[in-house]
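*Asks:* mmCIF, C-alpha atoms, saved as my_file-v9.cif, coming up:
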data_my_file
loop_
_atom_site.label_atom_id
_atom_site.label_comp_id
_atom_site.auth_asym_id
_atom_site.auth_seq_id
_atom_site.Cartn_x
_atom_site.Cartn_y
_atom_site.Cartn_z
CA MET A 1 -37.01 -3.96 -53.48
CA ARG A 2 -36.00 -2.05 -50.40
CA ILE A 3 -38.47 -2.16 -47.55
CA TYR A 4 -37.96 -0.01 -44.48
CA ILE A 5 -39.56 -1.63 -41.44
CA ALA A 6 -40.30 0.43 -38.35
CA GLY A 7 -40.67 -1.80 -35.29
CA ILE A 8 -42.72 0.31 -32.91
CA ASN A 9 -44.49 0.20 -29.55
CA HIS A 10 -48.16 0.85 -30.27
CA ASN A 11 -48.76 2.50 -26.88
CA ASP A 12 -45.78 4.82 -26.83
CA PRO A 13 -46.37 8.50 -27.82
CA LEU A 14 -42.62 9.06 -28.22
CA SER A 15 -42.47 6.20 -30.73
CA ARG A 16 -44.68 8.23 -33.08
CA ILE A 17 -42.37 11.23 -32.84
CA GLU A 18 -39.31 9.07 -33.49
CA LEU A 19 -41.05 7.35 -36.42
CA ILE A 20 -41.65 10.71 -38.10
CA GLU A 21 -38.02 11.72 -37.55
CA TRP A 22 -36.84 8.43 -39.09
CA MET A 23 -39.09 9.00 -42.09
CA LYS A 24 -37.57 12.46 -42.52
CA ASP A 25 -34.09 10.94 -42.49
CA ILE A 26 -35.10 8.39 -45.12
CA ALA A 27 -36.65 11.11 -47.29
CA LYS A 28 -33.31 12.94 -47.36
CA HIS A 29 -31.54 10.17 -49.28
CA GLU A 30 -34.36 8.45 -51.17
CA LYS A 31 -34.95 10.34 -54.41
CA MET A 32 -38.56 9.20 -54.79
CA SER A 33 -41.50 8.84 -52.43
CA PRO A 34 -42.30 5.33 -51.18
CA VAL A 35 -44.37 3.13 -53.46
CA PHE A 36 -46.62 2.41 -50.50
CA ILE A 37 -46.88 2.52 -46.72
CA ALA A 38 -48.12 -0.59 -44.92
CA PRO A 39 -49.38 -0.07 -41.34
CA GLU A 40 -50.50 -2.74 -38.90
CA TRP A 41 -54.18 -1.83 -39.16
CA LYS A 42 -57.37 -2.84 -40.88
CA GLU A 43 -58.64 0.25 -42.72
CA GLU A 44 -62.11 0.08 -41.17
CA TYR A 45 -60.68 -0.18 -37.66
CA PHE A 46 -58.17 2.61 -38.18
CA ASN A 47 -60.93 4.98 -39.30
CA LEU A 48 -62.99 4.14 -36.23
CA VAL A 49 -60.05 4.73 -33.89
CA LYS A 50 -59.07 7.96 -35.61
CA GLU A 51 -62.56 9.29 -34.88
CA GLN A 52 -61.97 8.53 -31.20
CA ARG A 53 -59.06 10.97 -30.94
CA GLU A 54 -61.40 13.85 -30.09
CA GLU A 55 -62.75 12.12 -26.98
CA PHE A 56 -59.29 10.78 -26.16
CA ASP A 57 -57.98 14.36 -26.30
CA ARG A 58 -60.65 15.52 -23.85
CA ARG A 59 -59.73 12.81 -21.37
CA VAL A 60 -56.01 13.58 -21.65
CA ARG A 61 -56.66 17.28 -20.97
CA SER A 62 -58.86 16.50 -17.99
CA GLU A 63 -56.41 14.00 -16.47
CA TRP A 64 -53.25 16.08 -16.99
CA PRO A 65 -54.32 19.77 -17.09
CA LEU A 66 -50.78 21.11 -16.61
CA LEU A 67 -49.43 19.67 -19.86
CA THR A 68 -48.62 21.96 -22.78
CA GLU A 69 -50.54 21.88 -26.05
CA LYS A 70 -47.59 20.20 -27.72
CA GLN A 71 -47.50 17.45 -25.09
CA ILE A 72 -51.25 16.89 -25.32
CA GLU A 73 -51.07 16.73 -29.10
CA SER A 74 -48.26 14.16 -29.04
CA ILE A 75 -50.33 11.90 -26.78
CA THR A 76 -53.60 12.39 -28.69
CA LEU A 77 -52.06 11.71 -32.11
CA SER A 78 -50.39 8.57 -30.80
CA LEU A 79 -53.80 6.88 -30.86
CA GLY A 80 -53.65 4.82 -34.06
CA TYR A 81 -50.57 6.70 -35.27
CA GLU A 82 -49.36 3.75 -37.34
CA GLY A 83 -52.02 4.59 -39.92
CA ASP A 84 -51.30 8.26 -40.63
CA ALA A 85 -47.97 9.41 -39.14
CA HIS A 86 -46.47 9.18 -42.64
CA LYS A 87 -48.58 12.13 -43.79
CA GLU A 88 -46.35 14.43 -41.74
CA VAL A 89 -43.50 13.61 -44.14
CA PHE A 90 -44.85 12.17 -47.39
CA GLY A 91 -48.43 13.40 -47.59
CA GLU A 92 -50.91 11.06 -49.25
CA LEU A 93 -49.58 7.63 -50.23
CA THR A 94 -50.95 4.30 -51.33
CA VAL A 95 -51.74 2.47 -48.08
CA LEU A 96 -51.66 -1.31 -47.76
CA TRP A 97 -53.61 -2.31 -44.68
CA LEU A 98 -51.76 -5.32 -43.25
CA ASP A 99 -54.46 -6.44 -40.82
CA GLN A 100 -57.20 -6.81 -43.42
CA GLU A 101 -58.51 -10.08 -41.99
CA ARG A 102 -58.56 -9.11 -38.32
CA ASN A 103 -61.84 -9.42 -36.41
CA ALA A 104 -61.79 -7.28 -33.26
CA ASP A 105 -64.96 -5.20 -33.39
CA ARG A 106 -65.56 -5.13 -29.64
CA SER A 107 -62.07 -4.02 -28.60
CA VAL A 108 -61.87 -1.41 -31.37
CA LYS A 109 -65.15 0.16 -30.30
CA ASP A 110 -63.63 1.06 -26.92
CA PHE A 111 -60.05 1.36 -28.11
CA TYR A 112 -59.43 4.85 -26.75
CA LYS A 113 -60.80 3.86 -23.33
CA PHE A 114 -58.35 0.98 -22.99
CA ARG A 115 -55.45 3.16 -24.15
CA PHE A 116 -56.36 5.98 -21.79
CA GLN A 117 -56.64 3.64 -18.80
CA ASN A 118 -53.27 2.11 -19.61
CA LEU A 119 -51.67 5.55 -19.85
CA ARG A 120 -53.17 6.53 -16.50
CA ASN A 121 -51.70 3.45 -14.92
CA TRP A 122 -48.25 4.04 -16.42
CA ALA A 123 -48.27 7.74 -15.48
CA GLN A 124 -49.26 7.39 -11.83
CA GLU A 125 -45.93 8.61 -10.44
CA ILE A 126 -44.88 11.00 -13.22
CA ASP A 127 -44.93 14.74 -12.61
CA GLN A 128 -46.69 17.00 -15.10
CA ASN A 129 -43.68 18.90 -16.36
CA GLU A 130 -41.67 19.36 -19.56
CA ASN A 131 -40.38 15.78 -19.32
CA PHE A 132 -43.80 14.13 -18.99
CA VAL A 133 -43.97 12.48 -22.43
CA THR A 134 -40.35 11.33 -22.22
CA MET A 135 -40.86 9.82 -18.77
CA LEU A 136 -44.15 8.22 -19.82
CA SER A 137 -42.37 6.66 -22.79
CA LYS A 138 -39.61 5.37 -20.52
CA VAL A 139 -42.12 3.63 -18.26
CA ILE A 140 -44.00 2.09 -21.21
CA ARG A 141 -40.82 0.82 -22.85
CA GLY A 142 -39.51 -0.51 -19.58
CA THR A 143 -42.61 -2.60 -18.96
CA GLN A 144 -43.13 -3.91 -22.49
CA SER A 145 -40.07 -3.91 -24.75
CA VAL A 146 -37.82 -6.32 -22.87
CA SER A 147 -40.45 -9.04 -22.43
CA VAL A 148 -41.45 -8.86 -26.10
CA LYS A 149 -37.89 -9.37 -27.34
CA THR A 150 -36.74 -11.96 -24.82
CA ASN A 151 -39.84 -14.10 -25.33
CA PRO A 152 -41.13 -13.26 -28.82
CA SER A 153 -44.51 -14.86 -29.31
CA ILE A 154 -44.94 -15.02 -33.05
CA ASP A 155 -48.42 -15.60 -34.46
CA PRO A 156 -47.45 -17.50 -37.64
CA GLY A 157 -50.81 -17.00 -39.31
CA ARG A 158 -50.86 -13.25 -38.74
CA ASP A 159 -47.26 -12.66 -39.81
CA ALA A 160 -47.83 -14.81 -42.87
CA ALA A 161 -50.89 -12.71 -43.71
CA PHE A 162 -48.84 -9.50 -43.45
CA HIS A 163 -46.23 -11.03 -45.73
CA GLN A 164 -48.92 -12.01 -48.23
CA VAL A 165 -50.35 -8.47 -48.37
CA ILE A 166 -46.90 -7.18 -49.34
CA ASN A 167 -46.36 -9.93 -51.90
CA ASN A 168 -49.72 -9.21 -53.51
CA GLU A 169 -48.58 -5.66 -54.20
CA CYS A 170 -44.99 -6.14 -55.29
CA SER A 171 -42.06 -8.54 -55.49
CA PRO A 172 -38.43 -8.53 -54.31
CA TYR A 173 -37.51 -7.40 -57.84
CA SER A 174 -39.88 -4.42 -57.96
CA LEU A 175 -38.36 -0.98 -58.40
CA GLY A 176 -38.44 1.67 -55.70
CA TRP A 177 -38.94 1.32 -51.98
CA ALA A 178 -41.68 1.03 -49.43
CA MET A 179 -42.25 1.31 -45.70
CA ILE A 180 -43.93 -0.93 -43.15
CA VAL A 181 -45.00 0.19 -39.65
CA VAL A 182 -45.63 -2.70 -37.27
CA GLY A 183 -45.28 -3.72 -33.66
CA VAL A 184 -41.66 -4.57 -32.95
CA ILE A 185 -42.33 -8.30 -32.67
CA HIS A 186 -43.15 -8.46 -36.40
CA SER A 187 -39.88 -6.70 -37.23
CA LEU A 188 -37.64 -9.18 -35.42
CA SER A 189 -35.58 -11.74 -37.32
CA THR A 190 -37.32 -14.52 -35.40
CA ARG A 191 -38.28 -17.48 -37.55
CA GLY A 192 -41.79 -17.03 -38.92
CA SER A 193 -41.97 -13.28 -38.33
CA MET A 194 -43.09 -10.98 -41.12
CA ARG A 195 -39.55 -9.66 -41.51
CA ASN A 196 -38.11 -13.17 -41.62
CA LEU A 197 -40.58 -14.20 -44.32
CA LEU A 198 -39.84 -11.12 -46.41
CA GLU A 199 -36.09 -11.64 -46.18
CA ILE A 200 -36.44 -15.29 -47.17
CA GLU A 201 -38.43 -14.10 -50.18
CA GLY A 202 -35.55 -11.85 -51.17
CA TYR A 203 -36.65 -8.39 -50.04
CA GLN A 204 -33.98 -6.04 -48.72
CA CYS A 205 -35.28 -5.17 -45.26
CA ILE A 206 -33.89 -2.12 -43.47
CA VAL A 207 -35.16 -2.30 -39.90
CA LYS A 208 -35.36 0.41 -37.26
CA ASP A 209 -36.23 -0.55 -33.69
CA LEU A 210 -38.28 2.33 -32.28
CA SER A 211 -39.37 0.47 -29.17
CA VAL A 212 -36.17 1.04 -27.13
#
Would you give me this structure, written as structure tokens?
*Replies:*
Amino acid sequence: MRIYIAGINHNDPLSRIELIEWMKDIAKHEKMSPVFIAPEWKEEYFNLVKEQREEFDRRVRSEWPLLTEKQIESITLSLGYEGDAHKEVFGELTVLWLDQERNADRSVKDFYKFRFQNLRNWAQEIDQNENFVTMLSKVIRGTQSVSVKTNPSIDPGRDAAFHQVINNECSPYSLGWAMIVVGVIHSLSTRGSMRNLLEIEGYQCIVKDLSV
């Protein structure tokens, strides 16, 4: 089975845009829709965070009043985008929630507040112009991507759990294809990563690094 793995930066609004463009490219040569999409979320938590987009949007507008509607939308929809960006290309799909066993109630409750504060910190010296989202993305990637890849800190239990969710749904010999959207660290070939475990199992993994 072919599995497309998008290694993303969760904080980066440009990563969502690039993810959608990659999905469009895949859709051009894959004759059928994916069997499933597997985002790095627990369904309950994703739904809670999605509801926070309205308040997140208000804070973005208040903080950066000179941004265009398109720029504001790209930032707002980046909150939890791993869970629903695929709808822009494929519509409704079977969703496998990779983080089913995660317990993070407190941090999820205030998820949009943490994200907004981080964006404010990253955007301190960026002008509100047509390049705002691109420059914001550049700052985020510059502060996070390199450290993640040079010192990958794999959580064996979590990556193994992601691998198990996939294996419960299909096998390397299943027909069709699927897509996984995870933080870039899970998409690396590092021993014990989700990707590494899937490849050992025999899945054909096609990986796109959207964090650089």
*Asks:* At a cut-off of 9 Å, using all atoms listed in the file, what residues contact Ser15 in chain A? Leave out same-chain residues fewer than 6 positions from it and give the result as a PyMOL selection string.
*Replies:* chain A and resi 8-9+78+137+210-212
*Asks:* Just give me the gap between CA of Ser62 in chain A and CA of Thr143 in chain A in Å, one decimal is fine.
*Replies:*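 Taking CA of Ser62 in chain A as the start and CA of Thr143 in chain A as the end point, the length is 25.1 Å.
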*Asks:* Here is a test: counting all atoms listed in the file, which residue of A:Asp99, A:Asp105, A:Glu63, A:Glu69 is nearest to Gln124 in chain A?
*Replies:*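 Among the listed residues, A:Glu63 lies closest to Gln124 in chain A.
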*Asks:* Evaluate the PyMOL selection byres ((chain A and resi 7) around 12) here and jot the selected residues down as a short mmCIF file (atom, residue, chain, number, x, y, z; two decimals) with C-alpha atoms, in the coordinates of the input.
*Replies:*
data_model
loop_
_atom_site.label_atom_id
_atom_site.label_comp_id
_atom_site.auth_asym_id
_atom_site.auth_seq_id
_atom_site.Cartn_x
_atom_site.Cartn_y
_atom_site.Cartn_z
CA TYR A 4 -37.96 -0.01 -44.48
CA ILE A 5 -39.56 -1.63 -41.44
CA ALA A 6 -40.30 0.43 -38.35
CA ILE A 8 -42.72 0.31 -32.91
CA ASN A 9 -44.49 0.20 -29.55
CA HIS A 10 -48.16 0.85 -30.27
CA ASP A 12 -45.78 4.82 -26.83
CA SER A 15 -42.47 6.20 -30.73
CA ARG A 16 -44.68 8.23 -33.08
CA GLU A 18 -39.31 9.07 -33.49
CA LEU A 19 -41.05 7.35 -36.42
CA TRP A 22 -36.84 8.43 -39.09
CA PRO A 39 -49.38 -0.07 -41.34
CA GLU A 40 -50.50 -2.74 -38.90
CA GLU A 82 -49.36 3.75 -37.34
CA SER A 145 -40.07 -3.91 -24.75
CA VAL A 148 -41.45 -8.86 -26.10
CA LYS A 149 -37.89 -9.37 -27.34
CA MET A 179 -42.25 1.31 -45.70
CA ILE A 180 -43.93 -0.93 -43.15
CA VAL A 181 -45.00 0.19 -39.65
CA VAL A 182 -45.63 -2.70 -37.27
CA GLY A 183 -45.28 -3.72 -33.66
CA VAL A 184 -41.66 -4.57 -32.95
CA ILE A 185 -42.33 -8.30 -32.67
CA HIS A 186 -43.15 -8.46 -36.40
CA SER A 187 -39.88 -6.70 -37.23
CA LEU A 188 -37.64 -9.18 -35.42
CA SER A 189 -35.58 -11.74 -37.32
CA SER A 193 -41.97 -13.28 -38.33
CA MET A 194 -43.09 -10.98 -41.12
CA ARG A 195 -39.55 -9.66 -41.51
CA CYS A 205 -35.28 -5.17 -45.26
CA ILE A 206 -33.89 -2.12 -43.47
CA VAL A 207 -35.16 -2.30 -39.90
CA LYS A 208 -35.36 0.41 -37.26
CA ASP A 209 -36.23 -0.55 -33.69
CA LEU A 210 -38.28 2.33 -32.28
CA SER A 211 -39.37 0.47 -29.17
CA VAL A 212 -36.17 1.04 -27.13
#
*Asks:* Here's a test: counting only C-alpha atoms, identify every protein, DNA and RNA residue with an atom at most 12 Å from (-37.6, 5.9, -54.3) in the file's coordinate frame, and state them as a ChimeraX atom specification.
*Replies:* /A:1-4,26-36,90,174-179
*Asks:* For the atom pair CA of Arg58 in chain A and CA of Ile72 in chain A, what is the interatomic distance in Å to one decimal place?
*Replies:*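 Distance between the two atoms: 9.6 Å.
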*Asks:* Counting all atoms listed in the file, note down every residue that has an atom within 12 Å of the point (-58.2, 4.2, -21.0) (file coordinates), as a ChimeraX atom specification.
*Replies:* /A:11,52,55-60,63,79,107,110-123
*Asks:* Write the selection just made, keeping C-alpha atoms, as a short mmCIF file (atom, residue, chain, number, x, y, z; two decimals), in the frame of the given file?
*Replies:*
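As written to disk, result.cif reads:
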data_model
loop_
_atom_site.label_atom_id
_atom_site.label_comp_id
_atom_site.auth_asym_id
_atom_site.auth_seq_id
_atom_site.Cartn_x
_atom_site.Cartn_y
_atom_site.Cartn_z
CA ASN A 11 -48.76 2.50 -26.88
CA GLN A 52 -61.97 8.53 -31.20
CA GLU A 55 -62.75 12.12 -26.98
CA PHE A 56 -59.29 10.78 -26.16
CA ASP A 57 -57.98 14.36 -26.30
CA ARG A 58 -60.65 15.52 -23.85
CA ARG A 59 -59.73 12.81 -21.37
CA VAL A 60 -56.01 13.58 -21.65
CA GLU A 63 -56.41 14.00 -16.47
CA LEU A 79 -53.80 6.88 -30.86
CA SER A 107 -62.07 -4.02 -28.60
CA ASP A 110 -63.63 1.06 -26.92
CA PHE A 111 -60.05 1.36 -28.11
CA TYR A 112 -59.43 4.85 -26.75
CA LYS A 113 -60.80 3.86 -23.33
CA PHE A 114 -58.35 0.98 -22.99
CA ARG A 115 -55.45 3.16 -24.15
CA PHE A 116 -56.36 5.98 -21.79
CA GLN A 117 -56.64 3.64 -18.80
CA ASN A 118 -53.27 2.11 -19.61
CA LEU A 119 -51.67 5.55 -19.85
CA ARG A 120 -53.17 6.53 -16.50
CA ASN A 121 -51.70 3.45 -14.92
CA TRP A 122 -48.25 4.04 -16.42
CA ALA A 123 -48.27 7.74 -15.48
#
*Asks:* I want to know what sits within 9 Å of Tyr45 in chain A, based on all atoms listed in the file, with residues of the same chain fewer than 6 positions away left out; could you give that as a list in words?
*Replies:* Ala104, Asp105, Val108 and Lys109 of chain A
*Asks:* What's around Pro13 in chain A at 8 Å? Count all atoms listed in the file, leave out sequence neighbours fewer than 4 positions away in its own chain, and write the answer as a ChimeraX atom specification.
*Replies:* /A:17,74-75,77-78,133,137
*Asks:* Save range 126-142 of chain A to a file: N, CA, C and O atoms, as a PDB file, in the first residue's frame.
*Replies:*
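The new file out-v4.pdb reads:
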ATOM      1  N   ILE A 126       8.046  41.808  12.167  1.00  0.00           N
ATOM      2  CA  ILE A 126       7.569  41.624  10.800  1.00  0.00           C
ATOM      3  C   ILE A 126       6.536  42.703  10.468  1.00  0.00           C
ATOM      4  O   ILE A 126       5.582  42.912  11.214  1.00  0.00           O
ATOM      5  N   ASP A 127       6.724  43.362   9.351  1.00  0.00           N
ATOM      6  CA  ASP A 127       5.780  44.393   8.912  1.00  0.00           C
ATOM      7  C   ASP A 127       4.489  43.770   8.404  1.00  0.00           C
ATOM      8  O   ASP A 127       4.493  42.674   7.819  1.00  0.00           O
ATOM      9  N   GLN A 128       3.389  44.474   8.601  1.00  0.00           N
ATOM     10  CA  GLN A 128       2.090  43.997   8.121  1.00  0.00           C
ATOM     11  C   GLN A 128       1.924  44.388   6.649  1.00  0.00           C
ATOM     12  O   GLN A 128       1.331  45.412   6.328  1.00  0.00           O
ATOM     13  N   ASN A 129       2.457  43.567   5.786  1.00  0.00           N
ATOM     14  CA  ASN A 129       2.340  43.826   4.358  1.00  0.00           C
ATOM     15  C   ASN A 129       2.002  42.534   3.626  1.00  0.00           C
ATOM     16  O   ASN A 129       1.661  41.524   4.259  1.00  0.00           O
ATOM     17  N   GLU A 130       2.116  42.534   2.306  1.00  0.00           N
ATOM     18  CA  GLU A 130       1.717  41.366   1.517  1.00  0.00           C
ATOM     19  C   GLU A 130       2.595  40.150   1.756  1.00  0.00           C
ATOM     20  O   GLU A 130       2.233  39.034   1.380  1.00  0.00           O
ATOM     21  N   ASN A 131       3.745  40.340   2.398  1.00  0.00           N
ATOM     22  CA  ASN A 131       4.667  39.233   2.667  1.00  0.00           C
ATOM     23  C   ASN A 131       4.587  38.731   4.110  1.00  0.00           C
ATOM     24  O   ASN A 131       5.430  37.942   4.531  1.00  0.00           O
ATOM     25  N   PHE A 132       3.584  39.177   4.849  1.00  0.00           N
ATOM     26  CA  PHE A 132       3.536  38.878   6.283  1.00  0.00           C
ATOM     27  C   PHE A 132       3.540  37.384   6.573  1.00  0.00           C
ATOM     28  O   PHE A 132       4.332  36.895   7.386  1.00  0.00           O
ATOM     29  N   VAL A 133       2.641  36.627   5.927  1.00  0.00           N
ATOM     30  CA  VAL A 133       2.540  35.190   6.206  1.00  0.00           C
ATOM     31  C   VAL A 133       3.825  34.470   5.799  1.00  0.00           C
ATOM     32  O   VAL A 133       4.307  33.587   6.516  1.00  0.00           O
ATOM     33  N   THR A 134       4.389  34.859   4.662  1.00  0.00           N
ATOM     34  CA  THR A 134       5.642  34.245   4.205  1.00  0.00           C
ATOM     35  C   THR A 134       6.775  34.521   5.185  1.00  0.00           C
ATOM     36  O   THR A 134       7.555  33.614   5.517  1.00  0.00           O
ATOM     37  N   MET A 135       6.880  35.750   5.654  1.00  0.00           N
ATOM     38  CA  MET A 135       7.942  36.099   6.600  1.00  0.00           C
ATOM     39  C   MET A 135       7.720  35.428   7.952  1.00  0.00           C
ATOM     40  O   MET A 135       8.677  34.985   8.597  1.00  0.00           O
ATOM     41  N   LEU A 136       6.467  35.348   8.380  1.00  0.00           N
ATOM     42  CA  LEU A 136       6.147  34.669   9.637  1.00  0.00           C
ATOM     43  C   LEU A 136       6.565  33.205   9.546  1.00  0.00           C
ATOM     44  O   LEU A 136       7.174  32.653  10.469  1.00  0.00           O
ATOM     45  N   SER A 137       6.239  32.584   8.423  1.00  0.00           N
ATOM     46  CA  SER A 137       6.621  31.194   8.195  1.00  0.00           C
ATOM     47  C   SER A 137       8.141  31.035   8.240  1.00  0.00           C
ATOM     48  O   SER A 137       8.658  30.071   8.819  1.00  0.00           O
ATOM     49  N   LYS A 138       8.846  31.956   7.643  1.00  0.00           N
ATOM     50  CA  LYS A 138      10.312  31.880   7.607  1.00  0.00           C
ATOM     51  C   LYS A 138      10.901  31.927   9.015  1.00  0.00           C
ATOM     52  O   LYS A 138      11.824  31.172   9.345  1.00  0.00           O
ATOM     53  N   VAL A 139      10.340  32.776   9.859  1.00  0.00           N
ATOM     54  CA  VAL A 139      10.818  32.874  11.243  1.00  0.00           C
ATOM     55  C   VAL A 139      10.530  31.581  11.997  1.00  0.00           C
ATOM     56  O   VAL A 139      11.385  31.047  12.704  1.00  0.00           O
ATOM     57  N   ILE A 140       9.309  31.059  11.853  1.00  0.00           N
ATOM     58  CA  ILE A 140       8.920  29.833  12.550  1.00  0.00           C
ATOM     59  C   ILE A 140       9.811  28.668  12.125  1.00  0.00           C
ATOM     60  O   ILE A 140      10.325  27.917  12.961  1.00  0.00           O
ATOM     61  N   ARG A 141      10.013  28.525  10.826  1.00  0.00           N
ATOM     62  CA  ARG A 141      10.834  27.421  10.329  1.00  0.00           C
ATOM     63  C   ARG A 141      12.290  27.581  10.760  1.00  0.00           C
ATOM     64  O   ARG A 141      12.959  26.590  11.070  1.00  0.00           O
ATOM     65  N   GLY A 142      12.743  28.803  10.793  1.00  0.00           N
ATOM     66  CA  GLY A 142      14.126  29.035  11.194  1.00  0.00           C
ATOM     67  C   GLY A 142      14.402  28.703  12.644  1.00  0.00           C
ATOM     68  O   GLY A 142      15.498  28.281  12.996  1.00  0.00           O
TER      69      GLY A 142
END
